[in-house]
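Shown below: upload_11.pdb, with PDB, C-alpha atoms.
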ATOM      1  CA  MET A   9     101.859 127.148  87.183
ATOM      2  CA  LYS A  10     102.844 129.339  90.079
ATOM      3  CA  GLY A  11     101.615 128.252  93.436
ATOM      4  CA  LYS A  12     100.980 124.624  92.566
ATOM      5  CA  ARG A  13     102.141 122.375  95.346
ATOM      6  CA  LEU A  14     103.129 118.807  95.559
ATOM      7  CA  GLN A  15     100.946 117.242  98.192
ATOM      8  CA  LEU A  16     102.597 114.345  99.933
ATOM      9  CA  LEU A  17     101.023 112.185 102.549
ATOM     10  CA  PHE A  18     102.959 109.761 104.612
ATOM     11  CA  LYS A  19     101.740 106.908 106.652
ATOM     12  CA  LYS A  20     103.704 105.172 109.295
ATOM     13  CA  ASN A  21     102.878 102.082 111.150
ATOM     14  CA  LYS A  22     104.700 100.745 114.154
ATOM     15  CA  LYS A  23     104.818  97.189 115.257
ATOM     16  CA  ILE A  24     106.089  96.070 118.609
ATOM     17  CA  ILE A  25     107.260  92.523 118.833
ATOM     18  CA  ILE A  26     108.383  91.340 122.249
ATOM     19  CA  ALA A  27     110.687  88.331 122.173
ATOM     20  CA  ALA A  28     108.665  85.233 122.932
ATOM     21  CA  SER A  29     111.192  84.047 125.418
ATOM     22  CA  LEU A  30     110.528  87.143 127.549
ATOM     23  CA  LEU A  31     106.763  87.027 127.568
ATOM     24  CA  ALA A  32     106.588  84.846 130.631
ATOM     25  CA  THR A  33     108.473  87.320 132.780
ATOM     26  CA  LEU A  34     107.999  90.719 131.148
ATOM     27  CA  ALA A  35     105.208  92.976 132.363
ATOM     28  CA  ILE A  36     104.686  96.695 131.944
ATOM     29  CA  GLY A  37     104.005  98.695 135.053
ATOM     30  CA  GLU A  38     104.270  95.719 137.381
ATOM     31  CA  THR A  39     106.782  95.020 140.147
ATOM     32  CA  PHE A  40     108.104  91.551 140.892
ATOM     33  CA  ALA A  41     109.307  90.842 144.424
ATOM     34  CA  TRP A  42     111.232  87.932 145.856
ATOM     35  CA  ILE A  43     111.225  87.704 149.690
ATOM     36  CA  ALA A  44     114.288  86.436 151.539
ATOM     37  CA  PRO A  45     114.405  86.149 155.374
ATOM     38  CA  THR A  46     115.988  89.593 155.697
ATOM     39  CA  LEU A  47     115.917  91.094 152.159
ATOM     40  CA  GLU A  48     113.347  92.188 149.579
ATOM     41  CA  VAL A  49     114.585  92.557 145.972
ATOM     42  CA  LYS A  50     112.529  94.468 143.400
ATOM     43  CA  ASN A  51     112.990  93.955 139.647
ATOM     44  CA  GLU A  52     111.149  96.500 137.479
ATOM     45  CA  LEU A  53     111.005  95.825 133.750
ATOM     46  CA  THR A  54     109.625  97.887 130.858
ATOM     47  CA  ALA A  55     109.186  97.131 127.164
ATOM     48  CA  HIS A  56     111.244  98.793 124.456
ATOM     49  CA  THR A  57     109.537 101.155 122.012
ATOM     50  CA  THR A  58     109.466 100.656 118.251
ATOM     51  CA  ASN A  59     108.876 103.648 115.987
ATOM     52  CA  VAL A  60     110.062 104.540 112.488
ATOM     53  CA  ILE A  61     109.311 107.820 110.717
ATOM     54  CA  VAL A  62     109.652 109.241 107.217
ATOM     55  CA  ASP A  63     112.277 111.978 107.344
ATOM     56  CA  GLU A  64     112.710 114.705 104.703
ATOM     57  CA  PRO A  65     115.938 116.664 105.234
ATOM     58  CA  GLU A  66     115.278 118.699 102.081
ATOM     59  CA  PHE A  67     111.888 119.237 100.465
ATOM     60  CA  GLU A  68     111.002 121.714  97.740
ATOM     61  CA  PRO A  69     107.229 121.758  97.149
ATOM     62  CA  GLY A  70     105.777 122.272  93.708
ATOM     63  CA  THR A  71     104.690 120.554  90.503
ATOM     64  CA  ASP A  72     106.053 123.131  88.057
ATOM     65  CA  SER A  73     108.093 121.721  85.190
ATOM     66  CA  GLY A  74     111.596 120.725  86.202
ATOM     67  CA  THR A  75     113.192 118.907  89.132
ATOM     68  CA  HIS A  76     112.148 119.492  92.739
ATOM     69  CA  ASN A  77     114.142 118.232  95.739
ATOM     70  CA  LYS A  78     112.280 115.512  97.543
ATOM     71  CA  GLN A  79     114.638 113.595  99.776
ATOM     72  CA  VAL A  80     113.044 110.662 101.592
ATOM     73  CA  ILE A  81     114.751 108.610 104.265
ATOM     74  CA  PHE A  82     113.483 106.471 107.114
ATOM     75  CA  LYS A  83     114.623 106.982 110.705
ATOM     76  CA  ASN A  84     114.306 104.675 113.684
ATOM     77  CA  THR A  85     113.251 106.996 116.517
ATOM     78  CA  GLY A  86     112.553 104.193 118.996
ATOM     79  CA  ASP A  87     114.925 102.519 121.398
ATOM     80  CA  SER A  88     114.820  99.095 119.736
ATOM     81  CA  ASP A  89     116.747  97.813 116.719
ATOM     82  CA  VAL A  90     114.267  97.058 113.930
ATOM     83  CA  PHE A  91     113.632  95.314 110.635
ATOM     84  CA  ILE A  92     111.795  97.539 108.157
ATOM     85  CA  ARG A  93     109.891  97.335 104.922
ATOM     86  CA  MET A  94     108.441 100.142 102.830
ATOM     87  CA  SER A  95     106.032 100.720  99.969
ATOM     88  CA  TYR A  96     104.808 103.694  97.997
ATOM     89  CA  GLU A  97     101.982 104.693  95.688
ATOM     90  CA  GLU A  98     101.423 107.674  93.444
ATOM     91  CA  TYR A  99      98.629 109.258  91.418
ATOM     92  CA  TRP A 100      97.427 112.561  89.990
ATOM     93  CA  GLN A 101      94.134 114.231  90.797
ATOM     94  CA  SER A 102      92.275 116.909  88.902
ATOM     95  CA  GLY A 103      89.028 118.713  89.520
ATOM     96  CA  ALA A 104      87.389 119.565  92.826
ATOM     97  CA  GLY A 105      84.612 118.348  95.083
ATOM     98  CA  ASN A 106      82.473 115.633  93.552
ATOM     99  CA  ASP A 107      84.158 116.192  90.189
ATOM    100  CA  LYS A 108      87.590 114.955  91.287
ATOM    101  CA  ILE A 109      89.235 112.621  88.812
ATOM    102  CA  GLN A 110      92.158 110.352  89.677
ATOM    103  CA  MET A 111      94.750 109.964  86.933
ATOM    104  CA  SER A 112      97.601 107.527  86.407
ATOM    105  CA  ASN A 113     101.223 108.632  86.499
ATOM    106  CA  THR A 114     101.848 107.067  83.087
ATOM    107  CA  VAL A 115     100.719 108.184  79.628
ATOM    108  CA  LEU A 116     101.015 106.793  76.104
ATOM    109  CA  ASP A 117     103.385 109.096  74.202
ATOM    110  CA  ASN A 118     104.159 108.255  70.557
ATOM    111  CA  GLY A 119     103.429 104.613  71.216
ATOM    112  CA  ASN A 120     105.591 104.445  74.343
ATOM    113  CA  ARG A 121     104.403 104.297  77.916
ATOM    114  CA  ARG A 122     106.046 107.125  79.890
ATOM    115  CA  GLU A 123     105.933 108.442  83.429
ATOM    116  CA  VAL A 124     104.529 111.917  83.993
ATOM    117  CA  ALA A 125     106.371 112.584  87.255
ATOM    118  CA  THR A 126     109.769 110.889  87.277
ATOM    119  CA  LYS A 127     110.989 109.740  90.673
ATOM    120  CA  ASN A 128     114.750 110.099  91.013
ATOM    121  CA  PHE A 129     115.642 107.340  93.442
ATOM    122  CA  ASN A 130     118.963 107.040  95.190
ATOM    123  CA  GLY A 131     121.173 104.387  93.587
ATOM    124  CA  SER A 132     120.749 102.199  96.668
ATOM    125  CA  PHE A 133     117.085 101.580  95.759
ATOM    126  CA  ASN A 134     115.564 100.334  92.507
ATOM    127  CA  PRO A 135     111.832  99.538  92.441
ATOM    128  CA  GLN A 136     112.409  97.086  89.595
ATOM    129  CA  ALA A 137     115.290  95.036  90.970
ATOM    130  CA  GLU A 138     117.175  93.926  94.060
ATOM    131  CA  THR A 139     120.042  96.155  95.188
ATOM    132  CA  GLU A 140     122.691  95.921  97.886
ATOM    133  CA  LEU A 141     120.269  97.376 100.454
ATOM    134  CA  TRP A 142     116.748  96.559  99.239
ATOM    135  CA  ILE A 143     114.918  93.527  97.908
ATOM    136  CA  PRO A 144     111.404  93.652  96.395
ATOM    137  CA  GLY A 145     108.907  91.192  97.799
ATOM    138  CA  ASN A 146     106.069  89.570  95.897
ATOM    139  CA  ASP A 147     103.605  91.587  97.948
ATOM    140  CA  GLY A 148     104.173  95.209  96.872
ATOM    141  CA  TRP A 149     106.674  95.844  99.685
ATOM    142  CA  TYR A 150     110.421  96.440  99.619
ATOM    143  CA  TYR A 151     112.515  94.911 102.398
ATOM    144  CA  TYR A 152     115.635  96.541 103.861
ATOM    145  CA  LYS A 153     118.614  94.201 104.010
ATOM    146  CA  LYS A 154     120.087  95.524 107.250
ATOM    147  CA  VAL A 155     118.882  95.961 110.796
ATOM    148  CA  VAL A 156     118.254  99.659 111.555
ATOM    149  CA  PRO A 157     119.783 100.397 114.989
ATOM    150  CA  ALA A 158     117.844 102.367 117.586
ATOM    151  CA  GLY A 159     118.045 106.126 117.008
ATOM    152  CA  GLN A 160     119.627 105.832 113.561
ATOM    153  CA  SER A 161     118.548 106.485 109.964
ATOM    154  CA  LEU A 162     119.058 104.334 106.893
ATOM    155  CA  GLU A 163     122.466 104.548 105.250
ATOM    156  CA  HIS A 164     121.066 106.319 102.176
ATOM    157  CA  ASN A 165     118.006 108.249 101.065
ATOM    158  CA  VAL A 166     115.412 106.250  99.161
ATOM    159  CA  LEU A 167     114.331 109.193  96.987
ATOM    160  CA  GLU A 168     116.291 112.302  96.007
ATOM    161  CA  SER A 169     113.909 114.350  93.855
ATOM    162  CA  VAL A 170     110.941 114.355  91.465
ATOM    163  CA  THR A 171     111.054 115.713  87.899
ATOM    164  CA  PHE A 172     107.930 117.085  86.194
ATOM    165  CA  PRO A 173     107.577 117.477  82.397
ATOM    166  CA  ALA A 174     106.636 120.405  80.204
ATOM    167  CA  TYR A 175     102.849 120.144  80.199
ATOM    168  CA  THR A 176     102.407 119.852  76.447
ATOM    169  CA  GLY A 177     101.397 117.069  74.078
ATOM    170  CA  ALA A 178     100.588 113.861  75.931
ATOM    171  CA  PHE A 179     101.186 115.643  79.245
ATOM    172  CA  ALA A 180      98.887 118.629  78.625
ATOM    173  CA  GLU A 181      95.964 117.212  80.637
ATOM    174  CA  TYR A 182      98.151 117.163  83.760
ATOM    175  CA  GLU A 183      98.806 120.908  83.787
ATOM    176  CA  ASN A 184      96.099 121.696  86.323
ATOM    177  CA  ALA A 185      96.336 118.436  88.273
ATOM    178  CA  GLU A 186      98.041 117.748  91.605
ATOM    179  CA  TYR A 187     100.516 114.958  92.182
ATOM    180  CA  TYR A 188     100.319 112.704  95.247
ATOM    181  CA  LEU A 189     103.143 110.454  96.438
ATOM    182  CA  HIS A 190     102.561 108.272  99.489
ATOM    183  CA  PHE A 191     105.315 106.419 101.350
ATOM    184  CA  LYS A 192     104.518 103.811 103.978
ATOM    185  CA  VAL A 193     107.004 102.154 106.337
ATOM    186  CA  GLU A 194     106.504  99.312 108.800
ATOM    187  CA  ALA A 195     108.884  98.013 111.457
ATOM    188  CA  VAL A 196     109.340  94.932 113.624
ATOM    189  CA  GLN A 197     111.590  94.851 116.663
ATOM    190  CA  ALA A 198     114.801  92.894 116.043
ATOM    191  CA  SER A 199     116.653  90.733 118.543
ATOM    192  CA  THR A 200     120.330  91.477 117.877
ATOM    193  CA  ASN A 201     122.187  90.231 120.943
ATOM    194  CA  LYS A 202     122.948  86.514 120.975
ATOM    195  CA  ALA A 203     124.531  86.801 124.410
ATOM    196  CA  THR A 204     121.358  88.012 126.130
ATOM    197  CA  THR A 205     118.579  86.471 124.012
ATOM    198  CA  LEU A 206     118.235  82.705 123.804
ATOM    199  CA  ASN A 207     117.666  81.541 120.214
ATOM    200  CA  CYS A 208     117.402  85.127 119.008
ATOM    201  CA  ASN A 209     117.224  84.311 115.310
ATOM    202  CA  PRO A 210     114.313  81.861 115.689
ATOM    203  CA  VAL A 211     112.597  84.669 117.594
ATOM    204  CA  ASN A 212     113.330  87.049 114.686
ATOM    205  CA  HIS A 213     112.059  84.499 112.162
ATOM    206  CA  LYS A 214     108.735  84.072 113.923
ATOM    207  CA  ALA A 215     108.235  87.773 114.644
ATOM    208  CA  THR A 216     108.813  88.937 111.068
ATOM    209  CA  ALA A 217     106.838  86.028 109.604
ATOM    210  CA  GLU A 218     103.811  86.833 111.755
ATOM    211  CA  VAL A 219     103.834  90.561 110.938
ATOM    212  CA  PHE A 220     105.296  90.747 107.430
ATOM    213  CA  GLY A 221     104.844  87.272 105.966
ATOM    214  CA  PRO A 222     108.447  87.037 104.672
ATOM    215  CA  TRP A 223     110.876  86.260 107.484
ATOM    216  CA  ALA A 224     114.253  87.776 108.349
ATOM    217  CA  ASP A 225     117.489  86.019 109.212
ATOM    218  CA  ILE A 226     120.327  88.110 110.685
ATOM    219  CA  LYS A 227     123.866  87.251 109.634
ATOM    220  CA  PHE A 228     125.786  87.789 112.844
ATOM    221  CA  ASP A 229     129.217  87.507 111.252
ATOM    222  CA  SER A 230     128.897  91.086 109.923
ATOM    223  CA  ASN A 231     131.086  93.867 111.291
ATOM    224  CA  GLY A 232     129.545  96.825 113.102
ATOM    225  CA  PRO A 233     126.049  97.358 114.491
ATOM    226  CA  ALA A 234     124.201  97.395 111.139
ATOM    227  CA  TYR A 235     123.832  93.618 110.753
ATOM    228  CA  ASN A 236     123.070  92.209 107.320
ATOM    229  CA  VAL A 237     119.642  90.621 106.896
ATOM    230  CA  GLU A 238     118.622  87.830 104.569
ATOM    231  CA  TRP A 239     114.920  87.817 103.679
ATOM    232  CA  ASN A 240     113.158  84.554 102.959
ATOM    233  CA  PHE A 241     109.923  84.639 100.962
ATOM    234  CA  THR A 242     108.968  81.002 101.364
ATOM    235  CA  PRO A 243     106.284  80.101 103.923
ATOM    236  CA  TYR A 244     107.720  80.044 107.428
ATOM    237  CA  THR A 245     107.737  76.543 108.942
ATOM    238  CA  GLY A 246     109.710  77.209 112.120
ATOM    239  CA  GLU A 247     112.953  75.907 110.654
ATOM    240  CA  GLY A 248     115.976  77.301 108.841
ATOM    241  CA  GLY A 249     118.126  80.399 109.307
ATOM    242  CA  SER A 250     121.394  80.914 111.121
ATOM    243  CA  ASN A 251     122.498  81.957 114.576
ATOM    244  CA  GLN A 252     126.220  82.280 113.987
TER     245      GLN A 252
END
Could you render the structure as structure tokens?
Amino acid sequence: MKGKRLQLLFKKNKKIIIAASLLATLAIGETFAWIAPTLEVKNELTAHTTNVIVDEPEFEPGTDSGTHNKQVIFKNTGDSDVFIRMSYEEYWQSGAGNDKIQMSNTVLDNGNRREVATKNFNGSFNPQAETELWIPGNDGWYYYKKVVPAGQSLEHNVLESVTFPAYTGAFAEYENAEYYLHFKVEAVQASTNKATTLNCNPVNHKATAEVFGPWADIKFDSNGPAYNVEWNFTPYTGEGGSNQ
């Protein structure tokens, strides 16, 4: 199976949420002037940028039998702290042109349902259960339990590698197929400074609820810049959360 390549497509979305308390005074590209009898003062304001990318420090293409490095981590390349969530999907595809056939990544092998390509996730992430850093939603998304500071990456990779089987038996039909793994990440700007933002956690609640559905509550008693986040999956009513 020389020359076969693992084709990976990544999607990234960026969401910019401007704190509601700033909307009345914040304008991009405008200049505000206050005139005193002998002095003119100009106050120029610009919005922060929000952007998160999928980063792959090590990637070894291929779908030959065995394990191939496929490290996946998310990096905040904007200048705003952010909340993030991610999802992924995978499938196999065989054939060409109008004869392309999409195939599942699971097969029935001796009465047991097995994965064809095995994703070797970092221990910090488990798609089946909540971990110290991730919590699955009821919407197909996984929510990161810390704020990602501007210019920084997550503490750990999400994925380390992918292992492909010997293409025999139940896996024989996958020998000439290609494997696709799609990661998607979305971000919402986080308000992380109680001293400069009035009611910053209510702002965070509303922003994440409007974009994600679930809403985020920062626990400000954490040490360091990577604040812990508690995700709430009940409908947002404008109440609850902490600002301590």
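Using the PyMOL selection byres ((chain A and resi 189) around 6) on the file at hand returns these residues: Leu16, Glu97, Glu98, Tyr188 and His190 of chain A.
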Within 9 Å of (104.8, 91.4, 105.6), in the coordinates the file gives, what residues turn up when you count all atoms listed in the file, written out as a JSON list (two decimals) with C-alpha atoms, in the frame of the given file?
[["chain", "number", "residue", "atom", "x", "y", "z"],
["A", 93, "ARG", "CA", 109.89, 97.34, 104.92],
["A", 145, "GLY", "CA", 108.91, 91.19, 97.80],
["A", 147, "ASP", "CA", 103.60, 91.59, 97.95],
["A", 149, "TRP", "CA", 106.67, 95.84, 99.68],
["A", 194, "GLU", "CA", 106.50, 99.31, 108.80],
["A", 216, "THR", "CA", 108.81, 88.94, 111.07],
["A", 217, "ALA", "CA", 106.84, 86.03, 109.60],
["A", 218, "GLU", "CA", 103.81, 86.83, 111.76],
["A", 219, "VAL", "CA", 103.83, 90.56, 110.94],
["A", 220, "PHE", "CA", 105.30, 90.75, 107.43],
["A", 221, "GLY", "CA", 104.84, 87.27, 105.97],
["A", 222, "PRO", "CA", 108.45, 87.04, 104.67],
["A", 223, "TRP", "CA", 110.88, 86.26, 107.48]]
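In this structure, CA of His164 (chain A) sits 11.7 Å away from CA of Asp63 (chain A).
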Selected by the PyMOL selection byres ((chain A and resi 125) around 12) in the shown coordinates: which residues, as a ChimeraX atom specification?
/A:14,70-76,98-100,111-115,122-124,126-128,169-175,179,182-183,185-189
Determine the axis-aligned bounding box of all atoms of region 193-197 of chain A present in the file, pad each side by 8 Å, and express its centre and edge lengths in Å to one decimal place as AutoDock Vina command-line options.
--center_x 109.0 --center_y 98.5 --center_z 111.5 --size_x 21.1 --size_y 23.3 --size_z 26.3
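For the atom pair formed by CA of Gln136 (chain A) and CA of Ser95 (chain A), the distance is 12.7 Å, given to one decimal.
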As a check of understanding, name the residues that the PyMOL selection byres ((chain A and resi 62) around 10) selects in the supplied structure, as a ChimeraX atom specification.
/A:18-20,60-61,63-65,79-84,161,191-193
